[in-house]
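Taking it in order: structure first as C-alpha cells, then the write-up.
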Amino acid sequence: MGEAKHTEYRGSIHQRQKELMLKWYERLNEAAETGTPPTASLMISGNCIELLEAFGAVPIYPEVNALQLAIRHQSLEPILAAEEMGYAPDSCAYVKADIGCYLKGITPTSGKLPKPDLVLCNFVGCNTYVKWFEHTAELTGSKLYVLDVPFLREQDPSQADIDYVIRQLKEVVTLLEQITGRKFDYDRFVEAVRCSAQVEELWSQIKHLARRSPSPFDAYFDAITLMGPLYVYRATPEGVEFFSAALEEMQARVAAHQGVYDQEKFRLVIEGPPPYPYFRTFRDMFAKWKACTVASTYSTVGGLWEFGARHDPDHPFESVALHMLSQNVTNRNYLQRYEQIRRYLEEWNADGLVIHFVKSCRLFSAGQGDMRDYVTKTLGIPTLYIESDLEDPRYFAEAQTRNRIDAFFETLEHSKLTAKAV
Amino acid sequence: MLTFERTFEQCQELITDLSFERVHRWKNQHPDSKVIGYFPVYAPAEIIHAADMLPVGLNGGGDRLDIQYADARFGSFICSIIKTTLELGLTEHLKVFDGILFSSICDSARNLCFVMKRNFPDLYVDFLHLPHNPSSTASVDFLTSEYRRLIQELERIGGKQITDAGLQRAIALYNRNRQLIRSLYTFRAQMPHLLRAWESYVLVRAGNFMPVEEHNSLLEESLEQLPQRSGKPRDSIRIVVEGAFCEQPPLDLIKLVEDAGCYLVDDDFVIGQSWFVEDVPVDGDPVHALAESYVNRSVYSSVRHDFRAPRWEGLVDKVKRSRADAVLFLIAKFCEPAYFDYVLFKKQLEKLGVPHLLLEFEEKQFTFDRVRTEVETFVESLVFD
Ligand code: SF4
Ligand code: SF4
C-alpha cells in the first residue's frame with residue numbers, strides 16, 4: 001500500500017468557507033465590542049436560526065468553537081482547566097473545552113466573543129445540551145431559555161408535539177423582542193425560512209452526488225468542512241449562494257469523473273463524530289486505502305434532508321418546529337438511526353460501516369455495540385468499531401486505531417477479491 | 001421488636017431478588033392483569049395502577065448479576081444500570097414483564113429504550129417525554145397529552161379502560177404512599193439512631209415490587225412501631241446524600257458510610273417514589289393534575305430541568321431542613337447528569353461553607369477499603385474541626 005495521500009476536495013468553496021466563518025467571528029467580535037448585533041447561544045442540532053435571523057441576531061455556537069479548538073490541537077488546556085473546577089474526566093469534553101475557554105479567556109480567533117444576550121438551549125435529544133447551557137448561563141449571567149423539543153419516540157411527531165414546540169417558539173419571539181428591543185419581523189422570518197429550504201435542497205443534492213462512483217467528495221471529512229456555513233448561514237442569501245457554488249463545483253467534478261482518489265477502492269458509511277484532535281491523521285488512515293465515505297450520520301446533526309424534508313415558507317413556524325422535532329439525527333430515536341444507516345448502505349451502495357465510538361458523547365455512542373450487532377448480523381454488512389474522542393486528545397490510540405483500520409480493509413479487500421472470483 | 005428486624009430482612013431480600021418472585025406471585029394471582037416495569041427515575045405509577053396493572057420500579061441488577069452479553073452492546077464509559085438492565089432482559093429475567101417505560105433522563109437511558117425495543121419485540125417498550133421547560137405554559141398541556149397517549153397504549157395492551165375515578169383512586173393511594181415516605185424521612189432526620197438509612201432505604205424501595213396498598217400498610221405498621229424501638233444516639237455527623245437518584249449504590253456501601261460515623265439524615269435514593277413535594281390534587285381532571293404536579297411541584301433532581309430556579313437551591317434547602325453538617329455526593333460511575341450538577345452544587349456549598357465529599361460507586365462493588373478510609377478521614381476532619 002502506498003503512502004498516505006492528502007486527498008481532499010479543495011476547490012474555491014473551500015476558500016469561501018473560510019471567509020464566511022471568519023466573517024461570522026468578526027460579527028461576534030463586533031457584538032462583543034459594541035453591543036450590536038444582538039447574539040444568542042444556540043446548539044447546532046435542530047436549531048431555530050430562522051428566528052434569530054428575523055431579529056438580525058447572530059448565533060454563537062459553542063460546539064463550533066469547541067471543535068475548531070480541537071482541530072487546532074488547543075483543546076487540552078481548557079479541558080484541564082474545567083476538570084480542575086470539578087468537571088468529571090468522563091463527561092462530554094465539548095462542554096469542558098467551552099467552559100475552560102471561558103475560564104481562561106480563550107477564543108477561537110484573535111477576536112472576542114460576546115456575552116450572549118440570550119442562552120437559547122434548543123434541547124433536541126442531547127441531555128448534555130441542557131446541562132451545558134445551564135452552566136453557561138450560570139457563568140455568564142445571561143438569560144436562559146430551554147426550548148424543550150419532545151424526543152421522537154414514535155415514527156413521526158404528533159400534533160401535540162408540534163403545538164408544544166410552536167408555542168415555545170412564540171415565547172422565544174416575545175423574549176427576543178424584550179431582549180433586543182427590536183420588533184419581530186415576520187417577513188424577514190419567512191424569507192429566512194425560504195433560504196433554509198433552498199440551502200437544504202442544495203445540500204441534499206450534493207449529498208446525492210455521493211451515490212455516484214466515484215463520489216466527487218468525501219461525505220464525512222469533506223462534508224464536515226461544509227458544515228460550518230451550513231450552521232451559521234443556512235437561513236441567509238449568503239448560505240444559498242455558498243451552497244449553489246458548492247453544488248456547481250461538485251457537479252463539474254462528477255461530469256469530469258473526478259473522485260476523491262484516482263481510483264475509489266472502498267465506499268464507506270461512517271457513524272459518529274470524528275476525532276477532531278486527530279482529524280488529519282484519522283483521515284489519512286482511510287486515504288491510505290482509498291476509502292471514500294459516501295454517507296455519514298454525523299453530517300445530519302444540523303439537519304437530515306437527503307430523504308426529502310425541507311423548511312416551508314408557507315408554514316414557517318410549523319416547519320421550524322418539524323425541523324427541530326424530526327429532521328436532525330440527534331432528536332430521532334436510535335432505531336431510526338439504524339434505519340438511516342441501512343438506507344445509506346443500500347442506496348449509497350457502500351461496502352461497509354465504520355462506527356466511531358466517542359467517549360464524550362453518549363447520545364451518539366451509548367448502544368453502538370447493539371448497532372454493530374444489527375448491521376453485521378441482520379444486514380450482513382462488514383463493520384469496524386473503533387473508540388476515541390471528539391475533543392479530548394488523550395483518548396486517541398494512534399497505533400491501535402491504525403492497526404484496526406488496516407485489518408478491516410485487508411479483510412474487506414480479501415472478501416471483495418473472493419466475491420469477484422466466484 | 002424481632003418482627004421488625006425481620007421486616008427489614010424481607011425487604012432486603014425483595015429488592016435483591018433478580019427472579020422477581022414477588023411479582024410472579026402477583027401475576028399468578030391476577031392472571032388477567034399486566035406488569036409494567038419502569039426504568040428510573042420517575043414514572044406516573046398512578047396511571048399504571050388505574051389500568052389495573054402492577055407498576056414495578058426497576059433499579060438495575062445490583063451486585064448479583066454477572067454481565068455476559070450487555071457489555072458488547074453498550075461498551076465503555078456507560079454506567080452500570082444501563083448494562084444490568086439490558087442483561088436482565090437478555091438473560092430472560094424480565095419475562096414476567098409485559099411492558100417497560102423509559103423517560104427523558106439522560107442520553108444513555110434514552111438509547112437503551114430503543115435497544116430494548118429491538119431486542120425484545122414482544123415487550124411493550126415506550127418512552128415518555130417528560131418536559132424540560134416548565135416555565136412554558138405549554139408544558140402542562142403537552143404532558144397531559146403525553147399521559148393520554150400512555151393511557152391509550154395501556155388500554156390497548158391491557159384491554160381495560162382507564163377511568164377518571166380509577167385514576168383518582170390511584171392518586172389518593174400514591175399520595176398516601178408519598179406522605180408515609182415523607183413521615184419516614186422526617187422520623188429518620190429526627191431520630192437517626194432509631195432508624196438507619198439502609199433500613200429506611202429497603203423499606204421504601206420494597207414498594208417497587210408490591211401493590212401500593214400493601215406498601216402503604218407496611219409503611220404504616222413500621223411508622224407505628226418505630227418510636228418503640230430502643231437505641232442510643234451515636235456520636236455521628238449529620239449528612240445529606242446527593243447523586244444516587246438512578247443507579248443505586250450497593251447496600252453495603254450505605255451501611256459502611258453509617259458505620260464510619262455518619263447519620264444519613266436525607267438522601268435521593270429511589271427518589272421517584274417521593275417525587276412530589278405536595279399531594280397531587282384528587283379533584284378535577286386527574287390526568288391534568290398529574291401533569292401539572294410534575295411541572296410545578298416535583299422534587300429537584302439532576303434529571304429534571306427547571307430553569308425557573310437553580311437546582312442547587314433544592315440541595316441547600318435540604319441541608320438546612322435536615323440540619324445537616326455536610327453533603328456526601330454518591331455518584332454512579334459515568335453518570336453524566338449527576339457529575340455535571342456536582343460542579344454547580346459544589347460551588348454553592350463552598351460559598352456557604354458546607355463541607356462535602358465525593359464518592360463514586362458502581363452497582364457491583366465488593367471492596368470498600370478505600371472508600372471506608374475516605375469517609376473516616378472526612379468524618380474525622382469534621383469532628384476535629
Ligand atoms: S453529548 Fe454529544 S451531542 Fe451532546 S453536547 Fe456532547 S458531543 Fe454534543
Ligand atoms: S445512572 Fe445516570 S447516566 Fe446512568 S442511566 Fe441513570 S441517569 Fe443515566
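Ligands are numbered from 1 in the order shown, residues from 1 within each chain, and chains are lettered A, B, ... in the order they appear in the C-alpha cells.
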
Within 10 Å of ligand 2, which residues show up when you count only C-alpha atoms and all ligand atoms? List them as a PyMOL selection string, please. (chain A and resi 127+362) or (chain B and resi 39-41+59-60+77-83+85+104-112+243-248+302-303+331-339+362-363)

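Those residues in region 208-410 of chain A carrying a DSSP assignment of strand (DSSP E), computed from the backbone, are A:Phe266, A:Arg267, A:Leu268, A:Val269, A:Ile270, A:Glu271, A:Ala291, A:Cys292, A:Thr293, A:Val294, A:Ala295, A:Ser296, A:Gly352, A:Leu353, A:Val354, A:Ile355, A:His356, A:Phe357, A:Val358, A:Thr383, A:Leu384, A:Tyr385, A:Ile386, A:Glu387, A:Ser388.
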
Output N, CA, C and O atoms of each residue in that selection to a file, as a short mmCIF file (atom, residue, chain, number, x, y, z; two decimals), in the first residue's frame.
```cif
data_model
loop_
_atom_site.label_atom_id
_atom_site.label_comp_id
_atom_site.auth_asym_id
_atom_site.auth_seq_id
_atom_site.Cartn_x
_atom_site.Cartn_y
_atom_site.Cartn_z
N PHE A 266 -12.82 1.68 -1.93
CA PHE A 266 -13.87 1.26 -0.99
C PHE A 266 -14.85 2.40 -0.78
O PHE A 266 -14.47 3.57 -0.79
N ARG A 267 -16.10 2.02 -0.56
CA ARG A 267 -17.14 3.02 -0.26
C ARG A 267 -17.67 2.74 1.15
O ARG A 267 -18.07 1.62 1.46
N LEU A 268 -17.63 3.79 1.98
CA LEU A 268 -17.97 3.58 3.40
C LEU A 268 -19.11 4.46 3.87
O LEU A 268 -19.34 5.54 3.33
N VAL A 269 -19.77 3.98 4.91
CA VAL A 269 -20.66 4.85 5.69
C VAL A 269 -19.98 5.00 7.05
O VAL A 269 -19.48 4.02 7.60
N ILE A 270 -19.92 6.23 7.56
CA ILE A 270 -19.34 6.42 8.89
C ILE A 270 -20.40 6.92 9.85
O ILE A 270 -21.19 7.82 9.53
N GLU A 271 -20.40 6.32 11.02
CA GLU A 271 -21.33 6.70 12.08
C GLU A 271 -20.54 7.29 13.24
O GLU A 271 -19.52 6.74 13.65
N ALA A 291 -10.28 4.79 0.59
CA ALA A 291 -11.64 4.50 1.05
C ALA A 291 -12.39 5.82 1.16
O ALA A 291 -11.97 6.71 1.89
N CYS A 292 -13.47 5.93 0.42
CA CYS A 292 -14.21 7.18 0.39
C CYS A 292 -15.53 7.02 1.16
O CYS A 292 -16.25 6.05 0.96
N THR A 293 -15.80 7.98 2.04
CA THR A 293 -17.08 7.94 2.74
C THR A 293 -18.16 8.47 1.80
O THR A 293 -17.99 9.54 1.21
N VAL A 294 -19.23 7.73 1.67
CA VAL A 294 -20.29 8.18 0.76
C VAL A 294 -21.50 8.72 1.52
O VAL A 294 -22.33 9.43 0.95
N ALA A 295 -21.57 8.41 2.80
CA ALA A 295 -22.64 8.97 3.63
C ALA A 295 -22.23 8.86 5.09
O ALA A 295 -21.45 7.99 5.46
N SER A 296 -22.76 9.78 5.91
CA SER A 296 -22.41 9.76 7.32
C SER A 296 -23.56 10.31 8.16
O SER A 296 -24.26 11.23 7.73
N GLY A 352 -19.12 -1.06 3.57
CA GLY A 352 -19.03 -1.34 4.99
C GLY A 352 -19.38 -0.12 5.83
O GLY A 352 -19.52 1.00 5.32
N LEU A 353 -19.51 -0.38 7.12
CA LEU A 353 -19.83 0.68 8.06
C LEU A 353 -18.67 0.84 9.05
O LEU A 353 -18.12 -0.16 9.53
N VAL A 354 -18.31 2.09 9.32
CA VAL A 354 -17.33 2.36 10.38
C VAL A 354 -18.06 3.06 11.51
O VAL A 354 -18.71 4.09 11.30
N ILE A 355 -17.99 2.48 12.69
CA ILE A 355 -18.60 3.11 13.86
C ILE A 355 -17.48 3.73 14.68
O ILE A 355 -16.59 3.02 15.15
N HIS A 356 -17.53 5.04 14.81
CA HIS A 356 -16.53 5.69 15.65
C HIS A 356 -17.18 6.05 16.98
O HIS A 356 -17.96 6.99 17.07
N PHE A 357 -16.87 5.28 17.99
CA PHE A 357 -17.39 5.49 19.34
C PHE A 357 -16.61 6.64 19.97
O PHE A 357 -15.39 6.58 20.09
N VAL A 358 -17.31 7.70 20.38
CA VAL A 358 -16.60 8.77 21.09
C VAL A 358 -17.07 8.79 22.54
O VAL A 358 -18.26 8.81 22.81
N THR A 383 -18.46 -4.41 9.51
CA THR A 383 -18.49 -3.22 10.36
C THR A 383 -17.20 -3.13 11.16
O THR A 383 -16.73 -4.12 11.71
N LEU A 384 -16.67 -1.92 11.20
CA LEU A 384 -15.47 -1.67 12.02
C LEU A 384 -15.87 -0.77 13.18
O LEU A 384 -16.55 0.23 13.00
N TYR A 385 -15.45 -1.14 14.37
CA TYR A 385 -15.80 -0.39 15.59
C TYR A 385 -14.52 0.12 16.22
O TYR A 385 -13.66 -0.66 16.60
N ILE A 386 -14.39 1.44 16.28
CA ILE A 386 -13.19 1.99 16.92
C ILE A 386 -13.59 3.05 17.93
O ILE A 386 -14.65 3.66 17.82
N GLU A 387 -12.72 3.28 18.91
CA GLU A 387 -13.05 4.20 20.00
C GLU A 387 -12.03 5.32 20.13
O GLU A 387 -10.84 5.07 20.05
N SER A 388 -12.50 6.55 20.33
CA SER A 388 -11.62 7.61 20.79
C SER A 388 -12.49 8.75 21.29
O SER A 388 -13.52 8.49 21.91
#
```

Name the residues of region 91-264 of chain B that fall into alpha helix (DSSP H) according to DSSP on the backbone, using the chain letters and numbers of this document, as a ChimeraX atom specification. /B:107-119,138-158,164-190,197-205,212-225,251-259

Counting only C-alpha atoms and all ligand atoms, which protein, DNA or RNA residues come within 9 Å of ligand 1, given as a ChimeraX atom specification? /A:43-45,63,91-95,125-130,132,273,301,330,358-365,390-391 /B:107

Define the interface residues of chain A facing chain B as those within 7 Å, counting only C-alpha atoms, and report them as a compact mmCIF listing (two decimals) with all heavy atoms, in the first residue's frame.
```
# COMPACT_ATOMS: atom_id res chain seq x y z
N GLY A 86 -13.84 20.90 38.73
CA GLY A 86 -14.71 19.84 39.26
C GLY A 86 -15.40 18.99 38.21
O GLY A 86 -16.10 18.05 38.53
N TYR A 87 -15.23 19.33 36.91
CA TYR A 87 -15.87 18.52 35.87
C TYR A 87 -15.21 17.15 35.81
O TYR A 87 -13.99 17.03 35.95
CB TYR A 87 -15.79 19.22 34.51
CG TYR A 87 -16.72 20.40 34.43
CD1 TYR A 87 -16.31 21.68 34.80
CD2 TYR A 87 -18.04 20.24 34.02
CE1 TYR A 87 -17.18 22.76 34.76
CE2 TYR A 87 -18.92 21.31 33.98
CZ TYR A 87 -18.48 22.57 34.35
OH TYR A 87 -19.35 23.62 34.32
N ALA A 88 -16.04 16.12 35.59
CA ALA A 88 -15.53 14.75 35.65
C ALA A 88 -14.74 14.40 34.40
O ALA A 88 -15.05 14.87 33.31
CB ALA A 88 -16.70 13.79 35.80
N ASP A 90 -14.86 11.90 32.62
CA ASP A 90 -15.61 11.19 31.60
C ASP A 90 -16.79 11.96 31.04
O ASP A 90 -17.53 11.45 30.21
CB ASP A 90 -16.09 9.85 32.15
CG ASP A 90 -14.93 9.01 32.63
OD1 ASP A 90 -13.97 8.83 31.86
OD2 ASP A 90 -14.95 8.57 33.79
N SER A 91 -17.01 13.18 31.50
CA SER A 91 -18.14 13.94 30.96
C SER A 91 -17.77 14.55 29.61
O SER A 91 -16.59 14.69 29.29
CB SER A 91 -18.54 15.03 31.94
OG SER A 91 -19.03 14.45 33.12
N CYS A 126 -30.20 15.76 23.14
CA CYS A 126 -28.98 15.67 23.94
C CYS A 126 -29.20 16.31 25.31
O CYS A 126 -29.31 17.53 25.41
CB CYS A 126 -27.81 16.36 23.23
SG CYS A 126 -26.38 16.47 24.31
N ASN A 127 -29.24 15.48 26.33
CA ASN A 127 -29.44 15.98 27.69
C ASN A 127 -28.25 16.81 28.16
O ASN A 127 -28.40 17.69 29.00
CB ASN A 127 -29.68 14.83 28.65
CG ASN A 127 -31.09 14.27 28.51
OD1 ASN A 127 -32.01 14.76 29.15
ND2 ASN A 127 -31.27 13.30 27.65
N LYS A 131 -27.55 20.71 30.37
CA LYS A 131 -26.58 20.98 31.44
C LYS A 131 -25.58 22.05 30.99
O LYS A 131 -25.25 22.96 31.72
CB LYS A 131 -25.79 19.70 31.76
CG LYS A 131 -26.64 18.57 32.30
CD LYS A 131 -27.08 18.85 33.72
CE LYS A 131 -27.88 17.67 34.27
NZ LYS A 131 -28.69 18.03 35.43
N VAL A 146 -34.83 27.28 27.88
CA VAL A 146 -34.70 25.92 27.35
C VAL A 146 -35.91 25.61 26.49
O VAL A 146 -37.03 25.57 26.99
CB VAL A 146 -34.58 24.87 28.48
CG1 VAL A 146 -34.51 23.46 27.89
CG2 VAL A 146 -33.36 25.14 29.35
N LEU A 147 -35.68 25.48 25.20
CA LEU A 147 -36.77 25.15 24.29
C LEU A 147 -36.84 23.62 24.22
O LEU A 147 -35.98 22.98 23.64
CB LEU A 147 -36.51 25.78 22.92
CG LEU A 147 -37.75 26.03 22.07
CD1 LEU A 147 -37.43 27.01 20.95
CD2 LEU A 147 -38.36 24.78 21.50
N ASP A 148 -37.86 23.10 24.85
CA ASP A 148 -37.97 21.65 25.04
C ASP A 148 -38.62 21.01 23.83
O ASP A 148 -39.78 21.26 23.52
CB ASP A 148 -38.82 21.41 26.30
CG ASP A 148 -39.03 19.94 26.58
OD1 ASP A 148 -38.12 19.15 26.30
OD2 ASP A 148 -40.11 19.60 27.11
N PRO A 150 -39.87 17.61 22.22
CA PRO A 150 -40.14 16.20 22.56
C PRO A 150 -39.33 15.25 21.69
O PRO A 150 -39.23 15.44 20.47
CB PRO A 150 -41.63 16.04 22.29
CG PRO A 150 -42.19 17.42 22.38
CD PRO A 150 -41.10 18.33 21.89
N PHE A 151 -38.77 14.27 22.33
CA PHE A 151 -37.96 13.28 21.61
C PHE A 151 -38.85 12.48 20.66
O PHE A 151 -40.01 12.22 20.95
CB PHE A 151 -37.30 12.37 22.65
CG PHE A 151 -36.34 11.41 22.05
CD1 PHE A 151 -35.26 11.88 21.32
CD2 PHE A 151 -36.49 10.05 22.21
CE1 PHE A 151 -34.36 11.01 20.75
CE2 PHE A 151 -35.60 9.16 21.65
CZ PHE A 151 -34.53 9.65 20.92
N ARG A 153 -40.18 9.69 19.82
CA ARG A 153 -40.34 8.34 20.37
C ARG A 153 -41.23 7.48 19.51
O ARG A 153 -41.35 6.28 19.72
CB ARG A 153 -40.87 8.42 21.80
CG ARG A 153 -42.14 9.24 21.95
CD ARG A 153 -42.01 10.23 23.11
NE ARG A 153 -43.22 11.04 23.28
CZ ARG A 153 -43.49 12.12 22.55
NH1 ARG A 153 -42.69 12.52 21.59
NH2 ARG A 153 -44.58 12.80 22.77
N ALA A 160 -49.61 17.12 19.09
CA ALA A 160 -49.32 17.70 20.41
C ALA A 160 -47.84 18.10 20.50
O ALA A 160 -47.52 19.15 21.06
CB ALA A 160 -49.65 16.69 21.51
N TYR A 164 -46.69 22.02 20.94
CA TYR A 164 -45.85 22.35 22.10
C TYR A 164 -44.62 23.15 21.64
O TYR A 164 -44.29 24.19 22.23
CB TYR A 164 -45.42 21.04 22.76
CG TYR A 164 -44.52 21.15 23.98
CD1 TYR A 164 -44.69 22.16 24.91
CD2 TYR A 164 -43.52 20.20 24.20
CE1 TYR A 164 -43.88 22.24 26.04
CE2 TYR A 164 -42.71 20.26 25.33
CZ TYR A 164 -42.89 21.28 26.24
OH TYR A 164 -42.08 21.34 27.35
N ARG A 167 -45.66 26.72 20.36
CA ARG A 167 -45.96 27.67 21.45
C ARG A 167 -44.68 28.18 22.09
O ARG A 167 -44.58 29.36 22.47
CB ARG A 167 -46.86 27.00 22.49
CG ARG A 167 -48.33 27.06 22.05
CD ARG A 167 -49.24 26.26 22.96
NE ARG A 167 -49.39 26.82 24.31
CZ ARG A 167 -50.12 26.24 25.27
NH1 ARG A 167 -50.74 25.10 25.01
NH2 ARG A 167 -50.23 26.79 26.46
N GLN A 168 -43.70 27.32 22.22
CA GLN A 168 -42.43 27.77 22.81
C GLN A 168 -41.68 28.71 21.85
O GLN A 168 -41.07 29.68 22.29
CB GLN A 168 -41.55 26.58 23.15
CG GLN A 168 -42.12 25.72 24.27
CD GLN A 168 -41.21 24.51 24.52
OE1 GLN A 168 -40.23 24.61 25.24
NE2 GLN A 168 -41.54 23.40 23.90
N TYR A 334 -33.01 5.88 18.34
CA TYR A 334 -31.87 5.06 17.97
C TYR A 334 -32.19 4.11 16.81
O TYR A 334 -31.36 3.88 15.95
CB TYR A 334 -31.42 4.27 19.21
CG TYR A 334 -29.93 4.07 19.27
CD1 TYR A 334 -29.07 5.15 19.11
CD2 TYR A 334 -29.39 2.82 19.50
CE1 TYR A 334 -27.70 4.96 19.17
CE2 TYR A 334 -28.01 2.63 19.55
CZ TYR A 334 -27.18 3.71 19.38
OH TYR A 334 -25.83 3.54 19.43
N LEU A 335 -33.40 3.60 16.80
CA LEU A 335 -33.74 2.65 15.73
C LEU A 335 -33.92 3.39 14.41
O LEU A 335 -33.68 2.85 13.33
CB LEU A 335 -34.98 1.85 16.10
CG LEU A 335 -34.80 0.98 17.34
CD1 LEU A 335 -36.06 0.18 17.64
CD2 LEU A 335 -33.60 0.04 17.20
N LYS A 359 -16.11 8.80 23.42
CA LYS A 359 -16.46 8.65 24.83
C LYS A 359 -17.24 9.85 25.37
O LYS A 359 -18.02 9.72 26.29
CB LYS A 359 -15.20 8.42 25.66
CG LYS A 359 -14.39 9.66 25.92
CD LYS A 359 -13.28 9.41 26.90
CE LYS A 359 -13.62 9.81 28.31
NZ LYS A 359 -13.69 11.27 28.51
N ARG A 362 -22.56 10.29 24.76
CA ARG A 362 -23.43 9.12 24.94
C ARG A 362 -24.58 9.14 23.94
O ARG A 362 -25.10 8.10 23.58
CB ARG A 362 -24.00 9.09 26.35
CG ARG A 362 -23.12 8.39 27.36
CD ARG A 362 -22.35 9.35 28.18
NE ARG A 362 -21.40 8.70 29.07
CZ ARG A 362 -20.37 9.35 29.60
NH1 ARG A 362 -20.14 10.60 29.28
NH2 ARG A 362 -19.55 8.74 30.40
N LEU A 363 -24.97 10.33 23.55
CA LEU A 363 -26.06 10.43 22.59
C LEU A 363 -25.72 9.63 21.33
O LEU A 363 -26.53 8.86 20.82
CB LEU A 363 -26.27 11.90 22.22
CG LEU A 363 -27.27 12.21 21.15
CD1 LEU A 363 -28.00 13.47 21.48
CD2 LEU A 363 -26.62 12.35 19.78
N ALA A 366 -23.86 5.54 23.13
CA ALA A 366 -24.47 4.52 24.00
C ALA A 366 -25.30 3.56 23.16
O ALA A 366 -26.29 3.97 22.55
CB ALA A 366 -25.34 5.19 25.06
N GLY A 367 -24.88 2.33 23.11
CA GLY A 367 -25.63 1.32 22.35
C GLY A 367 -25.03 1.00 21.00
O GLY A 367 -25.59 0.21 20.24
N GLN A 368 -23.87 1.58 20.69
CA GLN A 368 -23.30 1.31 19.35
C GLN A 368 -22.87 -0.15 19.17
O GLN A 368 -22.72 -0.63 18.06
CB GLN A 368 -22.14 2.26 19.05
CG GLN A 368 -22.62 3.60 18.51
CD GLN A 368 -21.51 4.60 18.37
OE1 GLN A 368 -20.52 4.54 19.08
NE2 GLN A 368 -21.67 5.56 17.46
N GLY A 369 -22.71 -0.85 20.29
CA GLY A 369 -22.43 -2.28 20.20
C GLY A 369 -23.65 -3.01 19.65
O GLY A 369 -23.54 -3.96 18.86
N ASP A 370 -24.81 -2.56 20.06
CA ASP A 370 -26.04 -3.17 19.55
C ASP A 370 -26.22 -2.82 18.07
O ASP A 370 -26.67 -3.64 17.27
CB ASP A 370 -27.23 -2.66 20.36
CG ASP A 370 -28.51 -3.39 19.97
OD1 ASP A 370 -28.63 -4.57 20.30
OD2 ASP A 370 -29.36 -2.78 19.30
```

Ala40 (chain A): which residues within 7 Å, counting only C-alpha atoms, same-chain residues fewer than 5 positions away excluded, as an mmCIF file with C-alpha atoms, in the first residue's frame?
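The new file around_29.cif reads:
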```
data_model
loop_
_atom_site.group_PDB
_atom_site.id
_atom_site.type_symbol
_atom_site.label_atom_id
_atom_site.label_comp_id
_atom_site.auth_asym_id
_atom_site.auth_seq_id
_atom_site.Cartn_x
_atom_site.Cartn_y
_atom_site.Cartn_z
ATOM 1 C CA VAL A 58 -26.168 36.356 15.318
ATOM 2 C CA PRO A 59 -25.792 32.841 16.725
ATOM 3 C CA ILE A 60 -22.934 31.762 18.957
ATOM 4 C CA PRO A 116 -24.786 36.176 24.776
ATOM 5 C CA ASP A 117 -27.940 38.262 25.126
ATOM 6 C CA LEU A 118 -29.847 35.014 25.350
ATOM 7 C CA VAL A 119 -28.685 31.489 26.081
ATOM 8 C CA LEU A 120 -31.192 29.605 23.989
#
```

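Checking B:Ser217, B:Leu349, B:Arg304, B:Arg178 one by one against Glu278 (chain B), counting only C-alpha atoms, you find the shortest gap at B:Arg178.
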
Show which residues sit within 12 Å of region 275-277 of chain B, as an mmCIF file with C-alpha atoms, in the first residue's frame. Count only C-alpha atoms, and ignore same-chain residues fewer than 4 positions away.
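Okay, around_36.cif is ready:
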```cif
data_model
loop_
_atom_site.group_PDB
_atom_site.id
_atom_site.type_symbol
_atom_site.label_atom_id
_atom_site.label_comp_id
_atom_site.auth_asym_id
_atom_site.auth_seq_id
_atom_site.Cartn_x
_atom_site.Cartn_y
_atom_site.Cartn_z
ATOM 1 C CA PRO B 40 -35.681 5.257 36.882
ATOM 2 C CA VAL B 41 -36.165 7.954 37.805
ATOM 3 C CA TYR B 42 -39.891 8.703 37.688
ATOM 4 C CA ALA B 43 -42.989 7.270 36.040
ATOM 5 C CA PRO B 44 -46.658 8.045 36.649
ATOM 6 C CA ALA B 45 -47.378 4.827 38.558
ATOM 7 C CA ILE B 171 -53.720 9.270 43.016
ATOM 8 C CA TYR B 174 -49.977 7.225 45.941
ATOM 9 C CA ASN B 175 -50.477 10.498 47.787
ATOM 10 C CA ARG B 176 -50.799 8.398 50.926
ATOM 11 C CA ASN B 177 -47.679 6.471 49.942
ATOM 12 C CA ARG B 178 -45.676 9.648 49.492
ATOM 13 C CA GLN B 179 -46.976 11.059 52.775
ATOM 14 C CA ILE B 181 -42.407 8.049 52.933
ATOM 15 C CA ARG B 182 -42.110 11.692 53.930
ATOM 16 C CA PHE B 245 -31.211 9.100 42.174
ATOM 17 C CA ASP B 268 -32.160 10.957 46.993
ATOM 18 C CA PHE B 269 -32.206 7.150 46.765
ATOM 19 C CA VAL B 270 -35.098 5.899 44.588
ATOM 20 C CA ILE B 271 -36.344 9.458 44.517
ATOM 21 C CA PRO B 281 -54.960 17.084 43.605
ATOM 22 C CA ALA B 289 -53.481 17.014 37.887
ATOM 23 C CA LEU B 290 -50.628 14.544 37.417
ATOM 24 C CA ALA B 291 -49.098 16.606 34.621
ATOM 25 C CA GLU B 292 -49.480 19.880 36.442
ATOM 26 C CA SER B 293 -47.939 18.420 39.587
ATOM 27 C CA TYR B 294 -44.973 17.150 37.599
ATOM 28 C CA VAL B 295 -44.376 20.573 36.111
ATOM 29 C CA ASN B 296 -44.961 22.645 39.229
ATOM 30 C CA ARG B 297 -44.491 20.522 42.324
ATOM 31 C CA SER B 298 -41.790 17.922 41.712
ATOM 32 C CA VAL B 299 -38.675 17.498 43.789
ATOM 33 C CA TYR B 300 -35.498 18.934 42.343
ATOM 34 C CA SER B 301 -33.360 16.346 40.624
ATOM 35 C CA VAL B 303 -32.673 14.616 35.639
ATOM 36 C CA ARG B 304 -35.436 17.168 35.892
ATOM 37 C CA GLY B 314 -33.072 22.449 46.362
#
```

I want to know what sits within 6 Å of Ser215 (chain A), based on only C-alpha atoms, with residues of the same chain fewer than 3 positions away left out; could you give that as a PyMOL selection string? chain A and resi 210+212+259

Can those selected residues be exported to a file as an mmCIF file, in the first residue's frame so that it contains N, CA, C and O atoms?
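That gives us result-v5.cif:
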```
data_model
loop_
_atom_site.group_PDB
_atom_site.id
_atom_site.type_symbol
_atom_site.label_atom_id
_atom_site.label_comp_id
_atom_site.auth_asym_id
_atom_site.auth_seq_id
_atom_site.Cartn_x
_atom_site.Cartn_y
_atom_site.Cartn_z
ATOM 1 N N ALA A 210 -22.969 11.870 -4.007
ATOM 2 C CA ALA A 210 -22.069 10.846 -3.465
ATOM 3 C C ALA A 210 -22.570 9.437 -3.761
ATOM 4 O O ALA A 210 -21.885 8.452 -3.486
ATOM 5 N N ARG A 212 -22.923 8.516 -6.714
ATOM 6 C CA ARG A 212 -22.154 8.155 -7.917
ATOM 7 C C ARG A 212 -20.839 7.490 -7.527
ATOM 8 O O ARG A 212 -20.303 7.743 -6.463
ATOM 9 N N GLY A 259 -12.995 11.771 -8.781
ATOM 10 C CA GLY A 259 -13.358 11.288 -7.456
ATOM 11 C C GLY A 259 -12.399 11.837 -6.423
ATOM 12 O O GLY A 259 -11.529 12.652 -6.727
#
```
